$ cat work-v9.pdb   # PDB, N, CA and C atoms
ATOM      1  N   MET O   1       0.844  -1.181   0.000
ATOM      2  CA  MET O   1       0.000   0.000   0.000
ATOM      3  C   MET O   1       0.889   1.244   0.000
ATOM      4  N   GLN O   2       0.561   2.198  -0.819
ATOM      5  CA  GLN O   2       1.335   3.429  -0.920
ATOM      6  C   GLN O   2       1.058   4.306   0.294
ATOM      7  N   ALA O   3       2.086   4.956   0.813
ATOM      8  CA  ALA O   3       1.921   5.847   1.962
ATOM      9  C   ALA O   3       1.068   7.040   1.563
ATOM     10  N   GLU O   4       0.212   7.431   2.467
ATOM     11  CA  GLU O   4      -0.671   8.569   2.230
ATOM     12  C   GLU O   4       0.050   9.865   2.546
ATOM     13  N   SER O   5      -0.147  10.842   1.732
ATOM     14  CA  SER O   5       0.373  12.164   2.020
ATOM     15  C   SER O   5      -0.553  12.816   3.036
ATOM     16  N   PRO O   6      -0.001  13.388   4.112
ATOM     17  CA  PRO O   6      -0.863  14.032   5.098
ATOM     18  C   PRO O   6      -1.561  15.278   4.545
ATOM     19  N   THR O   7      -1.168  15.720   3.349
ATOM     20  CA  THR O   7      -1.797  16.898   2.758
ATOM     21  C   THR O   7      -2.847  16.541   1.713
ATOM     22  N   THR O   8      -3.082  15.258   1.476
ATOM     23  CA  THR O   8      -4.071  14.837   0.492
ATOM     24  C   THR O   8      -5.457  14.848   1.125
ATOM     25  N   HIS O   9      -6.331  15.671   0.597
ATOM     26  CA  HIS O   9      -7.689  15.769   1.124
ATOM     27  C   HIS O   9      -8.693  15.827  -0.020
ATOM     28  N   PRO O  10      -9.188  14.670  -0.460
ATOM     29  CA  PRO O  10     -10.185  14.680  -1.529
ATOM     30  C   PRO O  10     -11.518  15.233  -1.030
ATOM     31  N   ILE O  11     -12.325  15.669  -1.967
ATOM     32  CA  ILE O  11     -13.664  16.142  -1.630
ATOM     33  C   ILE O  11     -14.539  14.932  -1.351
ATOM     34  N   ASP O  12     -15.248  14.982  -0.233
ATOM     35  CA  ASP O  12     -16.091  13.880   0.214
ATOM     36  C   ASP O  12     -17.536  14.357   0.315
ATOM     37  N   HIS O  13     -18.450  13.466  -0.018
ATOM     38  CA  HIS O  13     -19.861  13.731   0.264
ATOM     39  C   HIS O  13     -20.097  13.359   1.726
ATOM     40  N   VAL O  14     -20.461  14.335   2.576
ATOM     41  CA  VAL O  14     -20.741  14.052   3.984
ATOM     42  C   VAL O  14     -21.855  13.015   4.062
ATOM     43  N   ILE O  15     -22.850  13.190   3.255
ATOM     44  CA  ILE O  15     -23.913  12.191   3.081
ATOM     45  C   ILE O  15     -23.762  11.689   1.654
ATOM     46  N   ALA O  16     -23.479  10.392   1.531
ATOM     47  CA  ALA O  16     -23.238   9.803   0.209
ATOM     48  C   ALA O  16     -24.428  10.019  -0.716
ATOM     49  N   VAL O  17     -24.146  10.148  -2.005
ATOM     50  CA  VAL O  17     -25.192  10.342  -3.008
ATOM     51  C   VAL O  17     -26.243   9.234  -2.899
ATOM     52  N   GLN O  18     -25.793   7.995  -2.667
ATOM     53  CA  GLN O  18     -26.747   6.881  -2.573
ATOM     54  C   GLN O  18     -27.690   7.017  -1.384
ATOM     55  N   HIS O  19     -27.362   7.914  -0.429
ATOM     56  CA  HIS O  19     -28.227   8.153   0.726
ATOM     57  C   HIS O  19     -28.925   9.512   0.636
ATOM     58  N   GLY O  20     -28.906  10.116  -0.534
ATOM     59  CA  GLY O  20     -29.594  11.390  -0.725
ATOM     60  C   GLY O  20     -28.697  12.609  -0.688
ATOM     61  N   GLY O  21     -27.389  12.419  -0.511
ATOM     62  CA  GLY O  21     -26.463  13.545  -0.527
ATOM     63  C   GLY O  21     -26.380  14.134  -1.927
ATOM     64  N   ARG O  22     -26.023  15.400  -1.983
ATOM     65  CA  ARG O  22     -25.911  16.075  -3.271
ATOM     66  C   ARG O  22     -24.537  16.709  -3.401
ATOM     67  N   SER O  23     -24.173  17.054  -4.604
ATOM     68  CA  SER O  23     -22.878  17.692  -4.861
ATOM     69  C   SER O  23     -23.011  19.202  -4.767
ATOM     70  N   VAL O  24     -23.394  19.652  -3.574
ATOM     71  CA  VAL O  24     -23.499  21.080  -3.266
ATOM     72  C   VAL O  24     -22.723  21.311  -1.973
ATOM     73  N   PRO O  25     -22.287  22.543  -1.702
ATOM     74  CA  PRO O  25     -21.420  22.797  -0.545
ATOM     75  C   PRO O  25     -21.920  22.214   0.783
ATOM     76  N   GLU O  26     -23.210  22.215   1.032
ATOM     77  CA  GLU O  26     -23.746  21.719   2.296
ATOM     78  C   GLU O  26     -23.511  20.219   2.487
ATOM     79  N   TYR O  27     -23.228  19.505   1.411
ATOM     80  CA  TYR O  27     -23.040  18.061   1.472
ATOM     81  C   TYR O  27     -21.590  17.644   1.204
ATOM     82  N   LEU O  28     -20.686  18.623   1.071
ATOM     83  CA  LEU O  28     -19.301  18.322   0.718
ATOM     84  C   LEU O  28     -18.334  18.770   1.800
ATOM     85  N   ALA O  29     -17.214  18.061   1.910
ATOM     86  CA  ALA O  29     -16.167  18.411   2.862
ATOM     87  C   ALA O  29     -14.849  17.874   2.340
ATOM     88  N   LEU O  30     -13.749  18.469   2.802
ATOM     89  CA  LEU O  30     -12.434  17.899   2.531
ATOM     90  C   LEU O  30     -12.189  16.826   3.576
ATOM     91  N   ALA O  31     -11.696  15.679   3.152
ATOM     92  CA  ALA O  31     -11.469  14.568   4.077
ATOM     93  C   ALA O  31     -10.120  13.938   3.795
ATOM     94  N   CYS O  32      -9.469  13.475   4.847
ATOM     95  CA  CYS O  32      -8.223  12.748   4.609
ATOM     96  C   CYS O  32      -8.593  11.457   3.877
ATOM     97  N   LEU O  33      -7.730  11.048   2.979
ATOM     98  CA  LEU O  33      -8.006   9.901   2.118
ATOM     99  C   LEU O  33      -8.302   8.639   2.920
ATOM    100  N   GLU O  34      -7.497   8.368   3.955
ATOM    101  CA  GLU O  34      -7.726   7.160   4.750
ATOM    102  C   GLU O  34      -9.014   7.227   5.542
ATOM    103  N   CYS O  35      -9.295   8.363   6.183
ATOM    104  CA  CYS O  35     -10.545   8.495   6.941
ATOM    105  C   CYS O  35     -11.740   8.333   6.006
ATOM    106  N   ASN O  36     -11.649   8.937   4.831
ATOM    107  CA  ASN O  36     -12.727   8.833   3.854
ATOM    108  C   ASN O  36     -12.916   7.387   3.406
ATOM    109  N   SER O  37     -11.814   6.654   3.274
ATOM    110  CA  SER O  37     -11.910   5.241   2.894
ATOM    111  C   SER O  37     -12.588   4.426   3.981
ATOM    112  N   HIS O  38     -12.309   4.754   5.239
ATOM    113  CA  HIS O  38     -12.974   4.050   6.346
ATOM    114  C   HIS O  38     -14.454   4.413   6.409
ATOM    115  N   LYS O  39     -14.768   5.676   6.161
ATOM    116  CA  LYS O  39     -16.159   6.122   6.224
ATOM    117  C   LYS O  39     -16.983   5.499   5.114
ATOM    118  N   GLY O  40     -16.418   5.471   3.894
ATOM    119  CA  GLY O  40     -17.182   4.952   2.765
ATOM    120  C   GLY O  40     -18.506   5.681   2.643
ATOM    121  N   PRO O  41     -19.595   4.974   2.339
ATOM    122  CA  PRO O  41     -20.898   5.620   2.221
ATOM    123  C   PRO O  41     -21.653   5.684   3.545
ATOM    124  N   ASN O  42     -20.999   5.297   4.653
ATOM    125  CA  ASN O  42     -21.687   5.244   5.944
ATOM    126  C   ASN O  42     -22.188   6.610   6.382
ATOM    127  N   VAL O  43     -23.368   6.631   6.948
ATOM    128  CA  VAL O  43     -23.911   7.826   7.579
ATOM    129  C   VAL O  43     -24.102   7.576   9.074
ATOM    130  N   ALA O  44     -23.814   6.347   9.505
ATOM    131  CA  ALA O  44     -23.974   5.958  10.911
ATOM    132  C   ALA O  44     -23.017   4.821  11.216
ATOM    133  N   GLY O  45     -22.929   4.500  12.489
ATOM    134  CA  GLY O  45     -22.125   3.384  12.957
ATOM    135  C   GLY O  45     -22.604   2.993  14.337
ATOM    136  N   PHE O  46     -21.979   1.998  14.913
ATOM    137  CA  PHE O  46     -22.365   1.539  16.236
ATOM    138  C   PHE O  46     -21.493   2.178  17.301
ATOM    139  N   ASP O  47     -22.143   2.825  18.275
ATOM    140  CA  ASP O  47     -21.458   3.473  19.385
ATOM    141  C   ASP O  47     -20.664   2.415  20.155
ATOM    142  N   PRO O  48     -19.351   2.653  20.376
ATOM    143  CA  PRO O  48     -18.535   1.664  21.068
ATOM    144  C   PRO O  48     -18.961   1.426  22.521
ATOM    145  N   GLU O  49     -19.655   2.387  23.131
ATOM    146  CA  GLU O  49     -20.093   2.233  24.527
ATOM    147  C   GLU O  49     -21.419   1.495  24.641
ATOM    148  N   THR O  50     -22.388   1.846  23.789
ATOM    149  CA  THR O  50     -23.741   1.310  23.929
ATOM    150  C   THR O  50     -24.091   0.266  22.881
ATOM    151  N   ASP O  51     -23.309   0.194  21.813
ATOM    152  CA  ASP O  51     -23.567  -0.674  20.673
ATOM    153  C   ASP O  51     -24.874  -0.323  19.953
ATOM    154  N   LEU O  52     -25.338   0.911  20.154
ATOM    155  CA  LEU O  52     -26.523   1.411  19.445
ATOM    156  C   LEU O  52     -26.087   2.108  18.167
ATOM    157  N   LEU O  53     -26.955   2.073  17.163
ATOM    158  CA  LEU O  53     -26.676   2.742  15.896
ATOM    159  C   LEU O  53     -26.810   4.251  16.083
ATOM    160  N   VAL O  54     -25.761   4.984  15.706
ATOM    161  CA  VAL O  54     -25.695   6.436  15.904
ATOM    162  C   VAL O  54     -25.200   7.072  14.614
ATOM    163  N   ARG O  55     -25.778   8.206  14.247
ATOM    164  CA  ARG O  55     -25.317   8.911  13.045
ATOM    165  C   ARG O  55     -23.921   9.453  13.274
ATOM    166  N   LEU O  56     -23.215   9.672  12.162
ATOM    167  CA  LEU O  56     -21.868  10.231  12.221
ATOM    168  C   LEU O  56     -21.918  11.755  12.339
ATOM    169  N   PHE O  57     -20.815  12.325  12.768
ATOM    170  CA  PHE O  57     -20.653  13.773  12.848
ATOM    171  C   PHE O  57     -20.891  14.396  11.481
ATOM    172  N   HIS O  58     -21.634  15.483  11.466
ATOM    173  CA  HIS O  58     -21.911  16.221  10.230
ATOM    174  C   HIS O  58     -21.384  17.632  10.439
ATOM    175  N   LEU O  59     -20.284  17.961   9.738
ATOM    176  CA  LEU O  59     -19.613  19.221  10.007
ATOM    177  C   LEU O  59     -20.447  20.457   9.725
ATOM    178  N   HIS O  60     -21.482  20.359   8.912
ATOM    179  CA  HIS O  60     -22.313  21.525   8.629
ATOM    180  C   HIS O  60     -23.483  21.645   9.603
ATOM    181  N   VAL O  61     -23.646  20.655  10.485
ATOM    182  CA  VAL O  61     -24.763  20.633  11.435
ATOM    183  C   VAL O  61     -24.266  20.645  12.878
ATOM    184  N   ASP O  62     -23.246  19.844  13.158
ATOM    185  CA  ASP O  62     -22.763  19.653  14.528
ATOM    186  C   ASP O  62     -21.655  20.634  14.888
ATOM    187  N   ASP O  63     -21.546  20.927  16.184
ATOM    188  CA  ASP O  63     -20.478  21.756  16.723
ATOM    189  C   ASP O  63     -19.331  20.840  17.126
ATOM    190  N   TRP O  64     -18.157  21.004  16.499
ATOM    191  CA  TRP O  64     -17.008  20.143  16.740
ATOM    192  C   TRP O  64     -16.645  20.115  18.221
ATOM    193  N   GLU O  65     -16.607  21.276  18.864
ATOM    194  CA  GLU O  65     -16.178  21.360  20.263
ATOM    195  C   GLU O  65     -17.138  20.673  21.224
ATOM    196  N   GLN O  66     -18.385  20.494  20.841
ATOM    197  CA  GLN O  66     -19.333  19.765  21.687
ATOM    198  C   GLN O  66     -19.198  18.255  21.509
ATOM    199  N   ARG O  67     -18.584  17.817  20.403
ATOM    200  CA  ARG O  67     -18.496  16.383  20.091
ATOM    201  C   ARG O  67     -17.121  15.771  20.351
ATOM    202  N   PHE O  68     -16.050  16.612  20.321
ATOM    203  CA  PHE O  68     -14.689  16.093  20.406
ATOM    204  C   PHE O  68     -13.787  17.008  21.222
ATOM    205  N   HIS O  69     -12.683  16.447  21.704
ATOM    206  CA  HIS O  69     -11.581  17.263  22.205
ATOM    207  C   HIS O  69     -10.292  16.464  22.054
ATOM    208  N   TRP O  70      -9.179  17.190  21.983
ATOM    209  CA  TRP O  70      -7.871  16.560  21.842
ATOM    210  C   TRP O  70      -7.282  16.283  23.210
ATOM    211  N   ASP O  71      -6.810  15.070  23.410
ATOM    212  CA  ASP O  71      -6.030  14.696  24.583
ATOM    213  C   ASP O  71      -4.657  14.334  24.033
ATOM    214  N   GLY O  72      -3.803  15.360  23.893
ATOM    215  CA  GLY O  72      -2.524  15.159  23.216
ATOM    216  C   GLY O  72      -2.805  14.767  21.772
ATOM    217  N   PRO O  73      -2.249  13.643  21.311
ATOM    218  CA  PRO O  73      -2.440  13.233  19.917
ATOM    219  C   PRO O  73      -3.703  12.393  19.684
ATOM    220  N   ILE O  74      -4.486  12.181  20.737
ATOM    221  CA  ILE O  74      -5.673  11.328  20.648
ATOM    222  C   ILE O  74      -6.928  12.195  20.579
ATOM    223  N   LEU O  75      -7.775  11.912  19.594
ATOM    224  CA  LEU O  75      -9.065  12.584  19.522
ATOM    225  C   LEU O  75     -10.037  11.799  20.399
ATOM    226  N   VAL O  76     -10.697  12.500  21.310
ATOM    227  CA  VAL O  76     -11.619  11.882  22.256
ATOM    228  C   VAL O  76     -13.040  12.309  21.905
ATOM    229  N   GLY O  77     -13.944  11.353  21.850
ATOM    230  CA  GLY O  77     -15.350  11.653  21.618
ATOM    231  C   GLY O  77     -16.027  12.043  22.913
ATOM    232  N   LEU O  78     -16.786  13.130  22.879
ATOM    233  CA  LEU O  78     -17.497  13.601  24.062
ATOM    234  C   LEU O  78     -18.955  13.160  24.078
ATOM    235  N   THR O  79     -19.433  12.682  22.948
ATOM    236  CA  THR O  79     -20.828  12.272  22.810
ATOM    237  C   THR O  79     -20.866  10.972  22.025
ATOM    238  N   ASP O  80     -22.044  10.391  21.943
ATOM    239  CA  ASP O  80     -22.183   9.172  21.147
ATOM    240  C   ASP O  80     -21.817   9.425  19.689
ATOM    241  N   ILE O  81     -22.172  10.579  19.160
ATOM    242  CA  ILE O  81     -21.830  10.921  17.776
ATOM    243  C   ILE O  81     -20.314  11.039  17.626
ATOM    244  N   GLY O  82     -19.654  11.698  18.580
ATOM    245  CA  GLY O  82     -18.205  11.827  18.528
ATOM    246  C   GLY O  82     -17.510  10.477  18.613
ATOM    247  N   CYS O  83     -17.906   9.651  19.575
ATOM    248  CA  CYS O  83     -17.275   8.330  19.752
ATOM    249  C   CYS O  83     -17.493   7.437  18.535
ATOM    250  N   THR O  84     -18.691   7.471  17.992
ATOM    251  CA  THR O  84     -19.004   6.643  16.829
ATOM    252  C   THR O  84     -18.222   7.100  15.609
ATOM    253  N   THR O  85     -18.127   8.396  15.404
ATOM    254  CA  THR O  85     -17.377   8.934  14.263
ATOM    255  C   THR O  85     -15.909   8.548  14.354
ATOM    256  N   ILE O  86     -15.321   8.668  15.531
ATOM    257  CA  ILE O  86     -13.922   8.282  15.725
ATOM    258  C   ILE O  86     -13.736   6.812  15.389
ATOM    259  N   ARG O  87     -14.673   5.986  15.821
ATOM    260  CA  ARG O  87     -14.558   4.547  15.576
ATOM    261  C   ARG O  87     -14.698   4.211  14.092
ATOM    262  N   VAL O  88     -15.731   4.737  13.440
ATOM    263  CA  VAL O  88     -15.989   4.398  12.036
ATOM    264  C   VAL O  88     -14.857   4.908  11.133
ATOM    265  N   LEU O  89     -14.393   6.118  11.372
ATOM    266  CA  LEU O  89     -13.330   6.681  10.546
ATOM    267  C   LEU O  89     -11.938   6.228  10.971
ATOM    268  N   ALA O  90     -11.862   5.481  12.065
ATOM    269  CA  ALA O  90     -10.582   4.991  12.592
ATOM    270  C   ALA O  90      -9.594   6.145  12.761
ATOM    271  N   ILE O  91     -10.063   7.210  13.355
ATOM    272  CA  ILE O  91      -9.299   8.446  13.456
ATOM    273  C   ILE O  91      -8.046   8.304  14.327
ATOM    274  N   ASN O  92      -8.082   7.415  15.300
ATOM    275  CA  ASN O  92      -6.931   7.254  16.187
ATOM    276  C   ASN O  92      -6.074   6.042  15.831
ATOM    277  N   ARG O  93      -5.985   5.750  14.527
ATOM    278  CA  ARG O  93      -5.096   4.680  14.083
ATOM    279  C   ARG O  93      -3.674   5.000  14.548
ATOM    280  N   SER O  94      -2.898   3.971  14.822
ATOM    281  CA  SER O  94      -1.567   4.171  15.407
ATOM    282  C   SER O  94      -0.678   5.085  14.565
ATOM    283  N   GLU O  95      -0.719   4.944  13.239
ATOM    284  CA  GLU O  95       0.136   5.798  12.405
ATOM    285  C   GLU O  95      -0.299   7.257  12.452
ATOM    286  N   ARG O  96      -1.590   7.508  12.618
ATOM    287  CA  ARG O  96      -2.082   8.886  12.733
ATOM    288  C   ARG O  96      -1.686   9.491  14.066
ATOM    289  N   VAL O  97      -1.785   8.693  15.137
ATOM    290  CA  VAL O  97      -1.385   9.170  16.460
ATOM    291  C   VAL O  97       0.104   9.499  16.453
ATOM    292  N   LEU O  98       0.917   8.643  15.856
ATOM    293  CA  LEU O  98       2.356   8.898  15.754
ATOM    294  C   LEU O  98       2.624  10.191  14.972
ATOM    295  N   HIS O  99       1.911  10.375  13.879
ATOM    296  CA  HIS O  99       2.061  11.592  13.085
ATOM    297  C   HIS O  99       1.715  12.820  13.928
ATOM    298  N   ARG O 100       0.634  12.746  14.681
ATOM    299  CA  ARG O 100       0.242  13.872  15.540
ATOM    300  C   ARG O 100       1.278  14.125  16.635
ATOM    301  N   GLU O 101       1.866  13.052  17.188
ATOM    302  CA  GLU O 101       2.913  13.226  18.197
ATOM    303  C   GLU O 101       4.089  14.016  17.632
ATOM    304  N   LEU O 102       4.453  13.715  16.402
ATOM    305  CA  LEU O 102       5.548  14.456  15.750
ATOM    306  C   LEU O 102       5.159  15.912  15.527
ATOM    307  N   LEU O 103       3.915  16.148  15.154
ATOM    308  CA  LEU O 103       3.446  17.524  14.960
ATOM    309  C   LEU O 103       3.417  18.291  16.279
ATOM    310  N   ILE O 104       3.067  17.594  17.366
ATOM    311  CA  ILE O 104       3.086  18.226  18.687
ATOM    312  C   ILE O 104       4.510  18.642  19.043
ATOM    313  N   GLU O 105       5.480  17.767  18.775
ATOM    314  CA  GLU O 105       6.894  18.087  19.032
ATOM    315  C   GLU O 105       7.343  19.313  18.250
ATOM    316  N   GLU O 106       6.784  19.493  17.049
ATOM    317  CA  GLU O 106       7.119  20.657  16.231
ATOM    318  C   GLU O 106       6.344  21.899  16.650
ATOM    319  N   GLY O 107       5.363  21.731  17.533
ATOM    320  CA  GLY O 107       4.569  22.853  18.012
ATOM    321  C   GLY O 107       3.478  23.309  17.074
ATOM    322  N   VAL O 108       3.054  22.434  16.166
ATOM    323  CA  VAL O 108       2.026  22.833  15.197
ATOM    324  C   VAL O 108       0.724  22.041  15.349
ATOM    325  N   PHE O 109       0.577  21.350  16.462
ATOM    326  CA  PHE O 109      -0.632  20.566  16.705
ATOM    327  C   PHE O 109      -0.934  20.632  18.197
ATOM    328  N   PRO O 110      -2.187  20.663  18.611
ATOM    329  CA  PRO O 110      -3.390  20.571  17.791
ATOM    330  C   PRO O 110      -3.713  21.897  17.111
ATOM    331  N   PRO O 111      -4.582  21.820  16.107
ATOM    332  CA  PRO O 111      -4.987  23.055  15.428
ATOM    333  C   PRO O 111      -5.759  23.949  16.383
ATOM    334  N   GLU O 112      -5.670  25.227  16.122
ATOM    335  CA  GLU O 112      -6.401  26.178  16.992
ATOM    336  C   GLU O 112      -7.814  26.354  16.518
TER     337      GLU O 112
END
$ encode --input "work-v9.pdb" --output "structure tokens"
Amino acid sequence: MQAESPTTHPIDHVIAVQHGGRSVPEYLALACLECNSHKGPNVAGFDPETDLLVRLFHLHVDDWEQRFHWDGPILVGLTDIGCTTIRVLAINRSERVLHRELLIEEGVFPPE
């Protein structure tokens, strides 16, 4: 598998076309290639705490600070939506955490 560039961010449908999403700004976002691959067409996933089906974070609807916070290089979910999104997108994969640790050492992470 080819290494992903940390600067590669394809345009993603927040809600996949097959689920009614459209190619208009309200339904589009820049996404890291690997996270987007994990998300696929999913609009929901199973909460790791309750095992209930929960919708994923929607950047045009949800407030990021109410759903997530950074604990060093680890993204922590504050709600069922946050925890489920982290799980489905595999946001805390070991290589991503390592990358964030290096960015922290450089003083450029977390983003403000």
$ residues_around --input "work-v9.pdb" --residues "O:His38" --least-positions-apart "3" --cutoff "5 Å" --atoms "all atoms listed in the file" --output "number ranges by chain"
O: 34-35, 88-89
$ select_by_dssp --input "work-v9.pdb" --residues "stretch 43-104 of chain O" --states "helix (DSSP H, G or I)" --output "list in words"
Trp64, Glu65, Gln66, Arg67, Asp80, Ile81, Gly82, Cys83, Thr84, Thr85, Ile86, Arg87, Val88, Leu89, Ser94, Glu95, Arg96, Val97, Leu98, His99, Arg100, Glu101, Leu102, Leu103 and Ile104 of chain O
$ write_last_selection --input "work-v9.pdb" --atoms "N, CA and C atoms" --output "mmCIF file, in the coordinates of the input"
data_model
loop_
_atom_site.group_PDB
_atom_site.id
_atom_site.type_symbol
_atom_site.label_atom_id
_atom_site.label_comp_id
_atom_site.auth_asym_id
_atom_site.auth_seq_id
_atom_site.Cartn_x
_atom_site.Cartn_y
_atom_site.Cartn_z
ATOM 1 N N TRP O 64 -18.157 21.004 16.499
ATOM 2 C CA TRP O 64 -17.008 20.143 16.740
ATOM 3 C C TRP O 64 -16.645 20.115 18.221
ATOM 4 N N GLU O 65 -16.607 21.276 18.864
ATOM 5 C CA GLU O 65 -16.178 21.360 20.263
ATOM 6 C C GLU O 65 -17.138 20.673 21.224
ATOM 7 N N GLN O 66 -18.385 20.494 20.841
ATOM 8 C CA GLN O 66 -19.333 19.765 21.687
ATOM 9 C C GLN O 66 -19.198 18.255 21.509
ATOM 10 N N ARG O 67 -18.584 17.817 20.403
ATOM 11 C CA ARG O 67 -18.496 16.383 20.091
ATOM 12 C C ARG O 67 -17.121 15.771 20.351
ATOM 13 N N ASP O 80 -22.044 10.391 21.943
ATOM 14 C CA ASP O 80 -22.183 9.172 21.147
ATOM 15 C C ASP O 80 -21.817 9.425 19.689
ATOM 16 N N ILE O 81 -22.172 10.579 19.160
ATOM 17 C CA ILE O 81 -21.830 10.921 17.776
ATOM 18 C C ILE O 81 -20.314 11.039 17.626
ATOM 19 N N GLY O 82 -19.654 11.698 18.580
ATOM 20 C CA GLY O 82 -18.205 11.827 18.528
ATOM 21 C C GLY O 82 -17.510 10.477 18.613
ATOM 22 N N CYS O 83 -17.906 9.651 19.575
ATOM 23 C CA CYS O 83 -17.275 8.330 19.752
ATOM 24 C C CYS O 83 -17.493 7.437 18.535
ATOM 25 N N THR O 84 -18.691 7.471 17.992
ATOM 26 C CA THR O 84 -19.004 6.643 16.829
ATOM 27 C C THR O 84 -18.222 7.100 15.609
ATOM 28 N N THR O 85 -18.127 8.396 15.404
ATOM 29 C CA THR O 85 -17.377 8.934 14.263
ATOM 30 C C THR O 85 -15.909 8.548 14.354
ATOM 31 N N ILE O 86 -15.321 8.668 15.531
ATOM 32 C CA ILE O 86 -13.922 8.282 15.725
ATOM 33 C C ILE O 86 -13.736 6.812 15.389
ATOM 34 N N ARG O 87 -14.673 5.986 15.821
ATOM 35 C CA ARG O 87 -14.558 4.547 15.576
ATOM 36 C C ARG O 87 -14.698 4.211 14.092
ATOM 37 N N VAL O 88 -15.731 4.737 13.440
ATOM 38 C CA VAL O 88 -15.989 4.398 12.036
ATOM 39 C C VAL O 88 -14.857 4.908 11.133
ATOM 40 N N LEU O 89 -14.393 6.118 11.372
ATOM 41 C CA LEU O 89 -13.330 6.681 10.546
ATOM 42 C C LEU O 89 -11.938 6.228 10.971
ATOM 43 N N SER O 94 -2.898 3.971 14.822
ATOM 44 C CA SER O 94 -1.567 4.171 15.407
ATOM 45 C C SER O 94 -0.678 5.085 14.565
ATOM 46 N N GLU O 95 -0.719 4.944 13.239
ATOM 47 C CA GLU O 95 0.136 5.798 12.405
ATOM 48 C C GLU O 95 -0.299 7.257 12.452
ATOM 49 N N ARG O 96 -1.590 7.508 12.618
ATOM 50 C CA ARG O 96 -2.082 8.886 12.733
ATOM 51 C C ARG O 96 -1.686 9.491 14.066
ATOM 52 N N VAL O 97 -1.785 8.693 15.137
ATOM 53 C CA VAL O 97 -1.385 9.170 16.460
ATOM 54 C C VAL O 97 0.104 9.499 16.453
ATOM 55 N N LEU O 98 0.917 8.643 15.856
ATOM 56 C CA LEU O 98 2.356 8.898 15.754
ATOM 57 C C LEU O 98 2.624 10.191 14.972
ATOM 58 N N HIS O 99 1.911 10.375 13.879
ATOM 59 C CA HIS O 99 2.061 11.592 13.085
ATOM 60 C C HIS O 99 1.715 12.820 13.928
ATOM 61 N N ARG O 100 0.634 12.746 14.681
ATOM 62 C CA ARG O 100 0.242 13.872 15.540
ATOM 63 C C ARG O 100 1.278 14.125 16.635
ATOM 64 N N GLU O 101 1.866 13.052 17.188
ATOM 65 C CA GLU O 101 2.913 13.226 18.197
ATOM 66 C C GLU O 101 4.089 14.016 17.632
ATOM 67 N N LEU O 102 4.453 13.715 16.402
ATOM 68 C CA LEU O 102 5.548 14.456 15.750
ATOM 69 C C LEU O 102 5.159 15.912 15.527
ATOM 70 N N LEU O 103 3.915 16.148 15.154
ATOM 71 C CA LEU O 103 3.446 17.524 14.960
ATOM 72 C C LEU O 103 3.417 18.291 16.279
ATOM 73 N N ILE O 104 3.067 17.594 17.366
ATOM 74 C CA ILE O 104 3.086 18.226 18.687
ATOM 75 C C ILE O 104 4.510 18.642 19.043
#
$ residues_around --input "work-v9.pdb" --residues "stretch 49-62 of chain O" --least-positions-apart "2" --cutoff "10 Å" --atoms "only C-alpha atoms" --output "list in words"
Val14, Ile15, Pro25, Glu26, Tyr27, Leu28, Ala29, Lys39, Asn42, Val43, Ala44, Gly45, Phe46, Asp47, Trp64, Glu65, Gln66, Arg67, Phe68, Asp80, Ile81, Gly82, Cys83, Thr84, Thr85, Ile86, Arg87, Val88 and Leu89 of chain O
$ atom_distance --input "work-v9.pdb" --atom1 "atom N of O:Leu75" --atom2 "atom N of O:Pro10"
20.3 Å
$ closest_residue --input "work-v9.pdb" --among "O:Gly72, O:Asn36, O:Gly21, O:Ala16" --to "O:Ile91" --atoms "only C-alpha atoms"
O:Asn36
$ residues_around --input "work-v9.pdb" --residues "stretch 100-112 of chain O" --least-positions-apart "4" --cutoff "6.5 Å" --atoms "only N, CA and C atoms" --output "list in words"
Pro73, Glu95 and Arg96 of chain O
$ resolve_selection --input "work-v9.pdb" --expression "the PyMOL selection byres (((chain O and resi 9 and name CA) around 6) and name CA)" --output "list in words"
Thr8, Pro10, Leu30, Ala31, Cys32 and Leu33 of chain O
$ select_by_dssp --input "work-v9.pdb" --residues "stretch 50-89 of chain O" --states "strand (DSSP E)" --output "PyMOL selection string"
chain O and resi 53-55+68-71+74-77
$ atom_distance --input "work-v9.pdb" --atom1 "atom N of O:Ile11" --atom2 "atom C of O:Pro48"
29.1 Å
$ atom_distance --input "work-v9.pdb" --atom1 "atom C of O:Pro41" --atom2 "atom CA of O:Trp70"
25.4 Å
$ axis_aligned_box --input "work-v9.pdb" --around "stretch 101-112 of chain O" --padding-each-side "5 Å" --output "lines of an AutoDock Vina configuration file"
center_x = -0.2
center_y = 19.7
center_z = 17.0
size_x = 25.2
size_y = 23.3
size_z = 14.1
